[in-house]
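**Student:** Sharing structure03.csv, CSV, C-alpha atoms:
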```csv
chain,number,residue,atom,x,y,z
A,198,MET,CA,0.0,0.0,0.0
A,199,GLN,CA,1.4,3.4,-1.0
A,200,HIS,CA,2.3,6.0,1.6
A,201,ARG,CA,0.2,9.0,0.8
A,202,ILE,CA,1.9,12.4,0.9
A,203,ILE,CA,-0.1,15.6,0.4
A,204,VAL,CA,1.6,18.9,-0.2
A,205,LEU,CA,-0.6,21.9,0.3
A,206,GLY,CA,0.4,24.9,-1.7
A,207,ALA,CA,2.6,25.1,-4.8
A,208,GLY,CA,4.6,28.3,-4.2
A,209,TYR,CA,8.4,28.0,-4.2
A,210,THR,CA,8.5,25.8,-1.1
A,211,GLY,CA,5.6,23.5,-1.8
A,212,ALA,CA,6.6,22.9,-5.4
A,213,ILE,CA,10.2,22.2,-4.4
A,214,ALA,CA,9.2,19.8,-1.6
A,215,ALA,CA,6.9,17.8,-3.9
A,216,GLY,CA,9.5,17.5,-6.6
A,217,ARG,CA,12.3,16.6,-4.2
A,218,LEU,CA,10.1,13.9,-2.5
A,219,ALA,CA,9.4,12.5,-6.0
A,220,LYS,CA,13.2,12.3,-6.6
A,221,ARG,CA,14.0,10.8,-3.2
A,222,LEU,CA,11.3,8.1,-3.0
A,223,HIS,CA,10.4,5.1,-5.2
A,224,ARG,CA,7.3,5.8,-7.2
A,225,GLU,CA,5.7,2.4,-6.4
A,226,ASP,CA,5.9,3.2,-2.6
A,227,VAL,CA,4.4,6.7,-2.5
A,228,ALA,CA,1.5,8.7,-3.9
A,229,ILE,CA,2.5,12.4,-3.9
A,230,THR,CA,-0.3,14.9,-4.4
A,231,LEU,CA,0.3,18.6,-4.8
A,232,VAL,CA,-2.8,20.7,-4.1
A,233,ASN,CA,-2.9,24.2,-5.5
A,234,ALA,CA,-5.7,26.5,-6.7
A,235,GLU,CA,-3.9,27.7,-9.8
A,236,PRO,CA,-2.5,25.7,-12.7
A,237,ASP,CA,0.6,27.9,-13.1
A,238,PHE,CA,3.6,28.5,-10.9
A,239,VAL,CA,3.7,32.1,-9.6
A,240,GLU,CA,7.1,33.9,-9.4
A,241,ARG,CA,6.2,35.8,-6.2
A,242,VAL,CA,9.5,37.6,-6.2
A,243,ARG,CA,8.6,39.2,-9.5
A,244,LEU,CA,5.1,40.4,-8.7
A,245,HIS,CA,6.3,44.0,-8.4
A,246,GLN,CA,7.4,43.7,-12.0
A,247,LEU,CA,4.0,42.3,-13.0
A,248,ALA,CA,2.3,45.2,-11.3
A,249,ALA,CA,4.5,47.7,-13.1
A,250,GLY,CA,3.3,46.4,-16.5
A,251,GLN,CA,5.9,43.7,-17.3
A,252,ASP,CA,4.7,40.4,-18.6
A,253,LEU,CA,6.0,37.2,-16.9
A,254,ARG,CA,6.6,33.9,-18.6
A,255,PRO,CA,3.8,31.4,-18.0
A,256,ARG,CA,5.1,28.3,-16.1
A,257,PRO,CA,2.4,25.6,-16.2
A,258,PHE,CA,2.7,22.9,-13.5
A,259,SER,CA,1.7,20.3,-16.1
A,260,GLU,CA,5.0,20.9,-17.8
A,261,MET,CA,7.1,21.4,-14.6
A,262,PHE,CA,6.0,18.1,-13.1
A,263,ALA,CA,5.6,16.1,-16.3
A,264,GLY,CA,7.0,12.6,-15.7
A,265,THR,CA,7.8,13.1,-12.0
A,266,GLY,CA,4.9,11.1,-10.6
A,267,VAL,CA,3.6,14.1,-8.7
A,268,GLU,CA,-0.2,14.4,-9.1
A,269,LEU,CA,-1.4,18.0,-9.3
A,270,ARG,CA,-4.9,18.6,-7.9
A,271,LEU,CA,-6.3,22.0,-8.7
A,272,ALA,CA,-8.3,22.9,-5.6
A,273,GLU,CA,-8.5,25.4,-2.9
A,274,VAL,CA,-7.8,24.2,0.6
A,275,THR,CA,-10.7,24.9,3.0
A,276,GLY,CA,-9.7,23.0,6.1
A,277,VAL,CA,-7.3,20.5,7.7
A,278,ASP,CA,-8.1,18.0,10.3
A,279,VAL,CA,-4.8,16.9,11.7
A,280,ASP,CA,-6.4,14.4,14.1
A,281,ARG,CA,-8.3,12.6,11.4
A,282,LYS,CA,-5.4,13.2,8.9
A,283,THR,CA,-7.7,14.7,6.3
A,284,VAL,CA,-7.7,17.8,4.1
A,285,ALA,CA,-10.9,19.5,2.9
A,286,VAL,CA,-10.7,21.1,-0.5
A,287,MET,CA,-12.9,22.8,-3.1
A,288,ASP,CA,-12.2,21.5,-6.6
A,289,THR,CA,-11.3,24.5,-8.8
A,290,ASN,CA,-13.0,23.1,-11.9
A,291,SER,CA,-16.1,21.4,-10.5
A,292,ALA,CA,-16.6,23.5,-7.3
A,293,GLU,CA,-17.1,20.1,-5.6
A,294,GLU,CA,-16.1,19.7,-2.0
A,295,LEU,CA,-13.7,16.8,-1.4
A,296,GLU,CA,-11.8,15.2,1.4
A,297,LEU,CA,-8.3,13.9,0.9
A,298,GLU,CA,-6.6,11.5,3.3
A,299,TYR,CA,-2.9,11.6,4.0
A,300,ASP,CA,-0.2,9.7,5.9
A,301,SER,CA,2.3,12.6,5.7
A,302,LEU,CA,1.3,16.2,5.2
A,303,VAL,CA,3.5,19.1,4.0
A,304,TYR,CA,1.9,22.4,4.9
A,305,ALA,CA,3.1,25.1,2.5
A,306,LEU,CA,0.2,27.5,2.2
A,307,GLY,CA,2.4,30.5,2.7
A,308,SER,CA,1.2,34.0,3.4
A,309,SER,CA,-0.7,36.9,2.1
A,310,TRP,CA,-0.6,40.6,2.7
A,311,ASN,CA,-0.9,42.0,6.2
A,312,ASN,CA,-3.1,45.1,6.6
A,313,GLN,CA,-1.8,45.5,10.2
A,314,GLY,CA,-5.4,46.4,11.2
A,315,VAL,CA,-5.1,49.9,9.7
A,316,PRO,CA,-8.5,51.3,8.9
A,317,GLY,CA,-9.3,51.5,5.2
A,318,THR,CA,-6.5,49.2,3.9
A,319,THR,CA,-8.7,46.4,2.8
A,320,GLU,CA,-11.2,48.7,1.1
A,321,HIS,CA,-8.8,51.2,-0.5
A,322,ALA,CA,-5.2,49.8,-0.7
A,323,HIS,CA,-3.6,47.5,-3.3
A,324,GLU,CA,-1.3,44.6,-2.5
A,325,ILE,CA,1.2,42.6,-4.4
A,326,ALA,CA,1.6,39.5,-2.2
A,327,GLY,CA,-0.3,37.4,-4.8
A,328,ARG,CA,-0.8,37.4,-8.6
A,329,PRO,CA,-4.5,38.6,-8.4
A,330,GLY,CA,-3.5,41.6,-6.4
A,331,ALA,CA,-0.6,42.4,-8.6
A,332,LEU,CA,-2.9,42.2,-11.7
A,333,ARG,CA,-5.5,44.5,-10.1
A,334,LEU,CA,-2.8,47.1,-9.3
A,335,ARG,CA,-1.4,46.8,-12.8
A,336,GLU,CA,-4.9,47.6,-14.3
A,337,ARG,CA,-5.4,50.5,-11.9
A,338,LEU,CA,-2.0,52.0,-12.6
A,339,ALA,CA,-2.6,51.8,-16.4
A,340,ARG,CA,-5.6,54.1,-15.9
A,341,LEU,CA,-3.6,56.8,-14.1
A,342,ASP,CA,-2.8,60.1,-15.8
A,343,ALA,CA,0.6,61.7,-15.6
A,344,GLY,CA,1.4,63.5,-12.4
A,345,GLN,CA,-1.0,61.5,-10.2
A,346,PRO,CA,0.3,60.4,-6.8
A,347,VAL,CA,1.1,56.8,-5.8
A,348,VAL,CA,2.0,56.1,-2.2
A,349,VAL,CA,3.9,52.8,-1.3
A,350,VAL,CA,3.4,52.1,2.4
A,351,GLY,CA,6.2,50.0,3.9
A,352,GLY,CA,10.0,50.3,3.9
A,353,GLY,CA,10.9,46.7,3.8
A,354,LEU,CA,12.3,44.7,0.8
A,355,THR,CA,8.9,44.5,-0.9
A,356,GLY,CA,8.3,48.2,-0.5
A,357,LEU,CA,11.7,49.2,-1.8
A,358,GLU,CA,11.3,47.0,-4.8
A,359,ALA,CA,7.8,48.1,-5.6
A,360,ALA,CA,8.6,51.9,-5.3
A,361,THR,CA,11.6,51.7,-7.5
A,362,GLU,CA,10.0,49.4,-10.1
A,363,LEU,CA,7.0,51.7,-10.4
A,364,ALA,CA,9.1,54.9,-10.6
A,365,GLU,CA,11.3,53.4,-13.3
A,366,ALA,CA,8.3,52.1,-15.3
A,367,ARG,CA,6.2,55.2,-14.9
A,368,PRO,CA,8.4,58.2,-14.5
A,369,ASP,CA,5.3,60.4,-15.2
A,370,LEU,CA,3.8,59.4,-11.9
A,371,ASP,CA,4.5,61.0,-8.5
A,372,ILE,CA,5.8,58.1,-6.4
A,373,THR,CA,6.1,58.3,-2.6
A,374,LEU,CA,7.4,55.8,-0.1
A,375,ALA,CA,6.2,56.0,3.5
A,376,ALA,CA,8.5,54.0,5.8
A,377,ARG,CA,8.0,53.4,9.5
A,378,GLY,CA,11.8,53.5,10.1
A,379,GLY,CA,14.7,55.1,8.2
A,380,LEU,CA,15.2,54.3,4.5
A,381,GLY,CA,17.0,51.0,4.4
A,382,ASP,CA,18.2,51.5,8.0
A,383,TRP,CA,19.0,47.8,8.3
A,384,LEU,CA,21.6,47.9,5.5
A,385,SER,CA,25.3,48.7,5.7
A,386,PRO,CA,26.4,52.3,5.2
A,387,LYS,CA,27.3,51.5,1.6
A,388,GLY,CA,24.0,49.9,0.9
A,389,GLN,CA,22.1,52.8,2.4
A,390,ARG,CA,24.0,55.3,0.4
A,391,HIS,CA,23.3,53.6,-2.9
A,392,LEU,CA,19.7,53.2,-2.0
A,393,ARG,CA,19.3,56.9,-1.4
A,394,GLN,CA,21.1,57.6,-4.6
A,395,VAL,CA,18.7,55.5,-6.6
A,396,PHE,CA,15.7,56.9,-4.9
A,397,ASP,CA,16.9,60.4,-5.7
A,398,LYS,CA,17.7,59.6,-9.3
A,399,LEU,CA,14.2,58.1,-9.8
A,400,GLY,CA,12.6,61.1,-8.1
A,401,ILE,CA,10.9,59.1,-5.3
A,402,THR,CA,9.8,61.1,-2.3
A,403,VAL,CA,10.5,59.4,1.0
A,404,HIS,CA,8.7,60.0,4.3
A,405,GLU,CA,10.9,58.3,6.9
A,406,HIS,CA,9.8,57.4,10.4
A,407,THR,CA,6.2,57.7,9.2
A,408,ALA,CA,3.5,55.3,10.2
A,409,VAL,CA,0.3,55.3,8.1
A,410,THR,CA,-2.7,55.3,10.4
A,411,ALA,CA,-5.6,55.3,7.9
A,412,VAL,CA,-6.2,54.8,4.2
A,413,GLU,CA,-8.9,56.6,2.3
A,414,PRO,CA,-9.7,56.7,-1.5
A,415,ASP,CA,-7.8,59.9,-2.1
A,416,ARG,CA,-5.4,60.2,0.9
A,417,VAL,CA,-3.5,58.5,3.7
A,418,ALA,CA,-3.2,59.8,7.2
A,419,THR,CA,0.0,59.5,9.2
A,420,SER,CA,0.8,59.3,12.9
A,421,ASP,CA,2.3,62.8,12.9
A,422,GLY,CA,-1.0,64.3,11.7
A,423,ARG,CA,-0.1,64.7,8.1
A,424,SER,CA,-2.4,63.9,5.1
A,425,LEU,CA,-0.7,62.6,1.9
A,426,PRO,CA,-2.8,62.8,-1.3
A,427,VAL,CA,-3.0,59.5,-3.2
A,428,ALA,CA,-4.6,58.2,-6.4
A,429,VAL,CA,-3.3,54.7,-5.6
A,430,THR,CA,-2.0,53.2,-2.3
A,431,VAL,CA,0.3,50.2,-2.4
A,432,TRP,CA,0.4,48.3,0.9
A,433,THR,CA,3.6,46.3,1.6
A,434,THR,CA,3.9,46.2,5.4
A,435,GLY,CA,4.7,42.6,5.9
A,436,PHE,CA,2.9,39.3,5.5
A,437,ALA,CA,0.2,37.3,7.4
A,438,VAL,CA,0.0,33.5,7.2
A,439,HIS,CA,-3.0,31.6,6.0
A,440,PRO,CA,-5.5,31.2,8.8
A,441,ILE,CA,-6.2,27.5,8.3
A,442,ALA,CA,-3.4,26.2,10.6
A,443,LYS,CA,-4.6,28.3,13.5
A,444,ALA,CA,-8.0,26.6,13.3
A,445,THR,CA,-6.5,23.1,13.8
A,446,THR,CA,-5.1,21.4,16.9
A,447,LEU,CA,-1.5,22.0,15.6
A,448,GLU,CA,0.8,24.0,18.0
A,449,VAL,CA,1.0,27.4,16.4
A,450,THR,CA,2.3,30.8,17.4
A,451,GLY,CA,0.0,33.7,18.1
A,452,THR,CA,0.2,34.7,14.5
A,453,GLY,CA,-0.7,31.2,13.3
A,454,ARG,CA,2.7,29.9,12.2
A,455,ILE,CA,3.2,26.2,12.8
A,456,VAL,CA,5.9,25.5,15.4
A,457,VAL,CA,8.4,23.0,14.0
A,458,ASP,CA,11.7,21.4,15.0
A,459,GLY,CA,15.0,21.4,13.1
A,460,THR,CA,13.6,19.0,10.5
A,461,MET,CA,10.6,21.2,9.8
A,462,ARG,CA,8.3,18.6,11.5
A,463,SER,CA,5.4,19.9,13.7
A,464,VAL,CA,6.3,19.6,17.4
A,465,SER,CA,2.7,18.5,18.2
A,466,HIS,CA,1.9,16.3,15.2
A,467,PRO,CA,4.8,14.3,13.8
A,468,ASP,CA,3.1,13.4,10.6
A,469,VAL,CA,2.8,17.1,9.7
A,470,TYR,CA,5.7,19.2,8.3
A,471,ALA,CA,5.5,23.0,7.7
A,472,ILE,CA,7.7,25.0,5.4
A,473,GLY,CA,8.2,28.5,4.2
A,474,ASP,CA,6.2,31.4,5.6
A,475,ALA,CA,3.8,29.0,7.4
A,476,ALA,CA,6.5,27.6,9.7
A,477,MET,CA,8.0,29.0,12.8
A,478,ALA,CA,11.5,27.6,12.7
A,479,MET,CA,14.6,28.8,14.6
A,480,GLY,CA,17.8,29.8,12.9
A,481,PRO,CA,21.3,30.8,13.9
A,482,GLY,CA,21.4,32.8,17.1
A,483,ASP,CA,18.2,31.2,18.2
A,484,LYS,CA,16.3,33.8,16.1
A,485,PRO,CA,13.2,32.9,14.1
A,486,LEU,CA,13.7,32.6,10.4
A,487,ARG,CA,12.1,35.5,8.5
A,488,MET,CA,9.4,35.0,5.9
A,489,SER,CA,11.4,34.9,2.7
A,490,CYS,CA,12.4,32.8,-0.2
A,491,ALA,CA,15.9,32.6,1.4
A,492,SER,CA,14.3,30.8,4.3
A,493,GLY,CA,11.6,28.9,2.4
A,494,THR,CA,13.8,27.1,-0.1
A,495,PRO,CA,16.1,25.4,2.4
A,496,SER,CA,13.2,24.6,4.6
A,497,ALA,CA,11.6,22.7,1.7
A,498,TRP,CA,14.8,20.8,1.2
A,499,HIS,CA,14.9,19.9,4.9
A,500,ALA,CA,11.3,18.8,5.1
A,501,ALA,CA,11.5,16.6,2.0
A,502,ASP,CA,14.8,15.0,3.0
A,503,SER,CA,13.5,14.4,6.5
A,504,ILE,CA,10.4,12.7,5.3
A,505,ALA,CA,12.4,10.6,2.9
A,506,ALA,CA,14.9,9.7,5.6
A,507,ARG,CA,12.3,8.7,8.2
A,508,LEU,CA,10.4,6.5,5.6
A,509,THR,CA,13.5,4.8,4.3
A,510,GLY,CA,15.7,4.6,7.4
A,511,GLY,CA,18.1,7.1,6.1
A,512,LYS,CA,20.1,9.8,7.8
A,513,LEU,CA,18.2,13.0,8.8
A,514,PRO,CA,19.6,16.3,7.5
A,515,ASN,CA,21.4,18.3,10.1
A,516,ALA,CA,22.8,21.3,8.2
A,517,PRO,CA,21.3,24.5,9.8
A,518,ILE,CA,19.4,27.0,7.7
A,519,ARG,CA,21.4,30.3,7.6
A,520,TYR,CA,21.5,33.5,5.6
A,521,PHE,CA,24.2,34.8,3.2
A,522,ASN,CA,22.8,37.9,1.6
A,523,GLN,CA,19.7,40.0,1.0
A,524,CYS,CA,19.0,40.7,-2.7
A,525,ILE,CA,17.1,43.9,-3.6
A,526,SER,CA,16.2,44.9,-7.1
A,527,LEU,CA,15.8,48.7,-7.6
A,528,GLY,CA,14.2,48.6,-11.0
A,529,ARG,CA,15.7,46.7,-13.9
A,530,LYS,CA,19.1,48.5,-13.9
A,531,GLU,CA,20.0,48.9,-10.2
A,532,GLY,CA,20.2,46.8,-7.1
A,533,VAL,CA,21.7,46.2,-3.7
A,534,ILE,CA,23.1,42.8,-2.6
A,535,GLN,CA,23.7,43.2,1.1
A,536,TYR,CA,25.9,40.5,2.6
A,537,VAL,CA,24.8,39.4,6.0
A,538,THR,CA,25.8,37.2,8.9
A,539,ALA,CA,24.3,33.7,9.4
A,540,ASP,CA,21.6,35.3,11.6
A,541,ASP,CA,20.8,37.9,9.0
A,542,ARG,CA,22.6,41.0,10.3
A,543,ALA,CA,24.2,43.3,7.7
A,544,VAL,CA,28.0,43.4,7.4
A,545,ARG,CA,30.0,46.1,5.7
A,546,ALA,CA,30.3,44.4,2.4
A,547,ALA,CA,27.6,45.1,-0.2
A,548,LEU,CA,27.3,44.9,-4.0
A,549,THR,CA,25.6,47.8,-5.7
A,550,GLY,CA,24.6,49.1,-9.1
A,551,ARG,CA,24.2,47.3,-12.4
A,552,LEU,CA,26.2,44.3,-11.2
A,553,ALA,CA,23.8,43.9,-8.3
A,554,ALA,CA,20.8,44.1,-10.6
A,555,VAL,CA,22.3,41.2,-12.7
A,556,TYR,CA,23.0,39.3,-9.6
A,557,LYS,CA,19.4,39.6,-8.4
A,558,GLU,CA,18.1,38.6,-11.8
A,559,LEU,CA,20.2,35.4,-11.7
A,560,VAL,CA,18.8,34.7,-8.2
A,561,CYS,CA,15.3,35.0,-9.5
A,562,LYS,CA,16.0,32.7,-12.4
A,563,GLY,CA,17.8,30.3,-10.1
A,564,ALA,CA,14.8,30.2,-7.8
A,565,VAL,CA,12.6,29.0,-10.7
A,566,TRP,CA,15.2,26.6,-11.9
A,567,GLY,CA,15.3,25.2,-8.3
A,568,VAL,CA,11.6,24.4,-8.5
A,569,ALA,CA,12.1,22.4,-11.7
A,570,ASN,CA,15.3,20.8,-10.3
A,571,PRO,CA,14.6,20.3,-6.6
A,572,THR,CA,17.8,18.2,-6.0
A,573,LEU,CA,19.9,20.9,-7.6
A,574,GLY,CA,20.7,18.8,-10.6
A,575,ILE,CA,22.5,16.1,-8.5
A,576,PRO,CA,21.5,12.6,-9.6
A,577,THR,CA,19.6,10.8,-6.8
A,578,ARG,CA,18.5,7.2,-6.3
A,579,ARG,CA,14.9,6.7,-5.4
A,580,ARG,CA,14.8,4.7,-2.2
A,581,ARG,CA,12.3,2.1,-1.1
A,582,ILE,CA,10.3,2.6,2.0
A,583,VAL,CA,11.5,0.3,4.7
A,584,ARG,CA,9.1,1.4,7.5
A,585,GLN,CA,5.4,0.7,7.7
A,586,PRO,CA,3.2,3.5,6.4
A,587,ALA,CA,1.7,5.4,9.3
A,588,ARG,CA,-1.9,4.2,8.6
A,589,GLU,CA,-0.8,0.5,8.7
A,590,SER,CA,1.0,1.1,12.0
A,591,SER,CA,-2.0,2.8,13.5
A,592,ALA,CA,-4.2,-0.1,12.4
A,593,ILE,CA,-1.9,-2.6,14.1
A,594,GLN,CA,-1.8,-0.6,17.3
A,595,ALA,CA,-5.6,-0.4,17.3
A,596,GLN,CA,-5.9,-4.2,17.0
A,597,ALA,CA,-3.4,-4.8,19.8
```
As a first step, turn the structure in this file into structure tokens.

**Tutor:**
Amino acid sequence: MQHRIIVLGAGYTGAIAAGRLAKRLHREDVAITLVNAEPDFVERVRLHQLAAGQDLRPRPFSEMFAGTGVELRLAEVTGVDVDRKTVAVMDTNSAEELELEYDSLVYALGSSWNNQGVPGTTEHAHEIAGRPGALRLRERLARLDAGQPVVVVGGGLTGLEAATELAEARPDLDITLAARGGLGDWLSPKGQRHLRQVFDKLGITVHEHTAVTAVEPDRVATSDGRSLPVAVTVWTTGFAVHPIAKATTLEVTGTGRIVVDGTMRSVSHPDVYAIGDAAMAMGPGDKPLRMSCASGTPSAWHAADSIAARLTGGKLPNAPIRYFNQCISLGRKEGVIQYVTADDRAVRAALTGRLAAVYKELVCKGAVWGVANPTLGIPTRRRRIVRQPARESSAIQAQA
């Protein structure tokens, strides 16, 4: 009887985990199902480009997973029962409600935008955390006349990339960035200097140490009592995880991230693994890994290799997840590659300018290549399962 592995979500982490499991385990021993609502892979790290009017290459899962043995089920996940080991889904094509059973679950539903509870954001702001939101913003920007104001709220990586991409693509618009802290204040002095140079060159107005307290159709209010005129507000103040995990009996944090051990396995339910933004995993310096592709990709490797090792009697992975750099695109011609310590603190060294933009582009292309090549191109031998599948073990225990 095949061991049933269900992977929820086909972003970078879910797609990598499914493909890596297919490369690690013998096809006769496992049934791997990848559940996702859309038929194409979404390059989330490029959604600011999509919003700015650029077209992204379609990447159908039917092509990416052809011949791998991974079954793609187009459906929206509506619930997970980790005690009964079932997943409730709504089929995308038929709108039929279905229940899927699993022996091992990989939870990779990721995150969406976080409105931080600020009044008016849901009604009046645009987000680029997902493809539908990026496309809506793209359509709205296309209707703007020259000189109209666009305010990007949030001074993190997404906010910096969105503001510069929009300013480069639409120099006729009045682009403003509102940042709660200083502009790029986590970067090294070299990185900060280059960031300011690019913002000045692109004509982006920056309001530093400015918290937005309300969003209206034609203005945003700030904590210091100012009112900034807007035609479009772009909200980039962090991410919030999918609420499904918090509704289960899994041990989660207050924000709904699943608490996992060093192998990305749930500390409360050993047949559940969480990866990417959905997981609360600890990194170097006993600091939580941040929500990012830099954390998500190695977490997917860890989870897939851990599942395979436990099923085949192999060796568990023990290499810690660490950081090397932060890659920031500043339009198509500029960038900052900030080198960091293992626990994600900036060091003096940084790569800037055109070379940094090329570096970031290679990183984006490499991320997609990694989805299609989840074992990094290294030949692997599909191993046979040597342990009893979980449902057989449970049945034996129940009979004892």

**Student:** Build an axis-aligned box that encloses every atom of range 318-323 of chain A listed in the file, pad it by 3 Å on each side, and report its centre and edge lengths in Å to one decimal, as AutoDock Vina command-line options.

**Tutor:**
```
--center_x -7.4 --center_y 48.8 --center_z 0.3 --size_x 13.6 --size_y 10.8 --size_z 13.2
```

**Student:** Env of Val429 in chain A: 9 Å cut, atoms = only C-alpha atoms, seq-sep filter 2 positions within chain, self excluded. Answer as a PyMOL selection string.

**Tutor:** chain A and resi 321-323+334+337-338+341+345-349+414-416+427+431

**Student:** Can you measure CA of Asp421 in chain A to CA of Val350 in chain A for me? One decimal in Å is fine.

**Tutor:** 15.0 Å

**Student:** Calculated over all atoms listed in the file, which of the candidates A:Arg519, A:Arg224, A:Arg328, A:His391 has the smallest distance to Arg578 in chain A?

**Tutor:**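 Ranking A:Arg519, A:Arg224, A:Arg328, A:His391 by distance to Arg578 in chain A, first place goes to A:Arg224.
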
**Student:** List as an mmCIF file with C-alpha atoms, keeping the file's coordinate frame the protein and nucleic acid residues near range 453-458 of chain A, meaning an atom at most 10 Å away when all atoms listed in the file are counted, but skip any in the same chain fewer than 4 places from it.

**Tutor:**
```
data_model
loop_
_atom_site.group_PDB
_atom_site.id
_atom_site.type_symbol
_atom_site.label_atom_id
_atom_site.label_comp_id
_atom_site.auth_asym_id
_atom_site.auth_seq_id
_atom_site.Cartn_x
_atom_site.Cartn_y
_atom_site.Cartn_z
ATOM 1 C CA TYR A 304 1.900 22.400 4.900
ATOM 2 C CA GLY A 307 2.400 30.500 2.700
ATOM 3 C CA SER A 308 1.200 34.000 3.400
ATOM 4 C CA ALA A 437 0.200 37.300 7.400
ATOM 5 C CA VAL A 438 0.000 33.500 7.200
ATOM 6 C CA HIS A 439 -3.000 31.600 6.000
ATOM 7 C CA PRO A 440 -5.500 31.200 8.800
ATOM 8 C CA ILE A 441 -6.200 27.500 8.300
ATOM 9 C CA ALA A 442 -3.400 26.200 10.600
ATOM 10 C CA LYS A 443 -4.600 28.300 13.500
ATOM 11 C CA ALA A 444 -8.000 26.600 13.300
ATOM 12 C CA THR A 445 -6.500 23.100 13.800
ATOM 13 C CA LEU A 447 -1.500 22.000 15.600
ATOM 14 C CA GLU A 448 0.800 24.000 18.000
ATOM 15 C CA VAL A 449 1.000 27.400 16.400
ATOM 16 C CA ARG A 462 8.300 18.600 11.500
ATOM 17 C CA SER A 463 5.400 19.900 13.700
ATOM 18 C CA VAL A 464 6.300 19.600 17.400
ATOM 19 C CA SER A 465 2.700 18.500 18.200
ATOM 20 C CA HIS A 466 1.900 16.300 15.200
ATOM 21 C CA PRO A 467 4.800 14.300 13.800
ATOM 22 C CA VAL A 469 2.800 17.100 9.700
ATOM 23 C CA TYR A 470 5.700 19.200 8.300
ATOM 24 C CA ALA A 471 5.500 23.000 7.700
ATOM 25 C CA ILE A 472 7.700 25.000 5.400
ATOM 26 C CA GLY A 473 8.200 28.500 4.200
ATOM 27 C CA ASP A 474 6.200 31.400 5.600
ATOM 28 C CA ALA A 475 3.800 29.000 7.400
ATOM 29 C CA ALA A 476 6.500 27.600 9.700
ATOM 30 C CA MET A 477 8.000 29.000 12.800
ATOM 31 C CA ALA A 478 11.500 27.600 12.700
ATOM 32 C CA MET A 479 14.600 28.800 14.600
#
```

**Student:** When you count all atoms listed in the file, which of these residues is closest to Gly208 in chain A: A:Cys490, A:Leu295, A:Ala343, A:Leu253?

**Tutor:**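 The closest residue to Gly208 in chain A is A:Cys490.
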
**Student:** Between CA of Ser492 in chain A and CA of Ile518 in chain A, what is the distance in Å, rounded to a tenth?

**Tutor:**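 Between CA of Ser492 in chain A and CA of Ile518 in chain A the gap is 7.2 Å.
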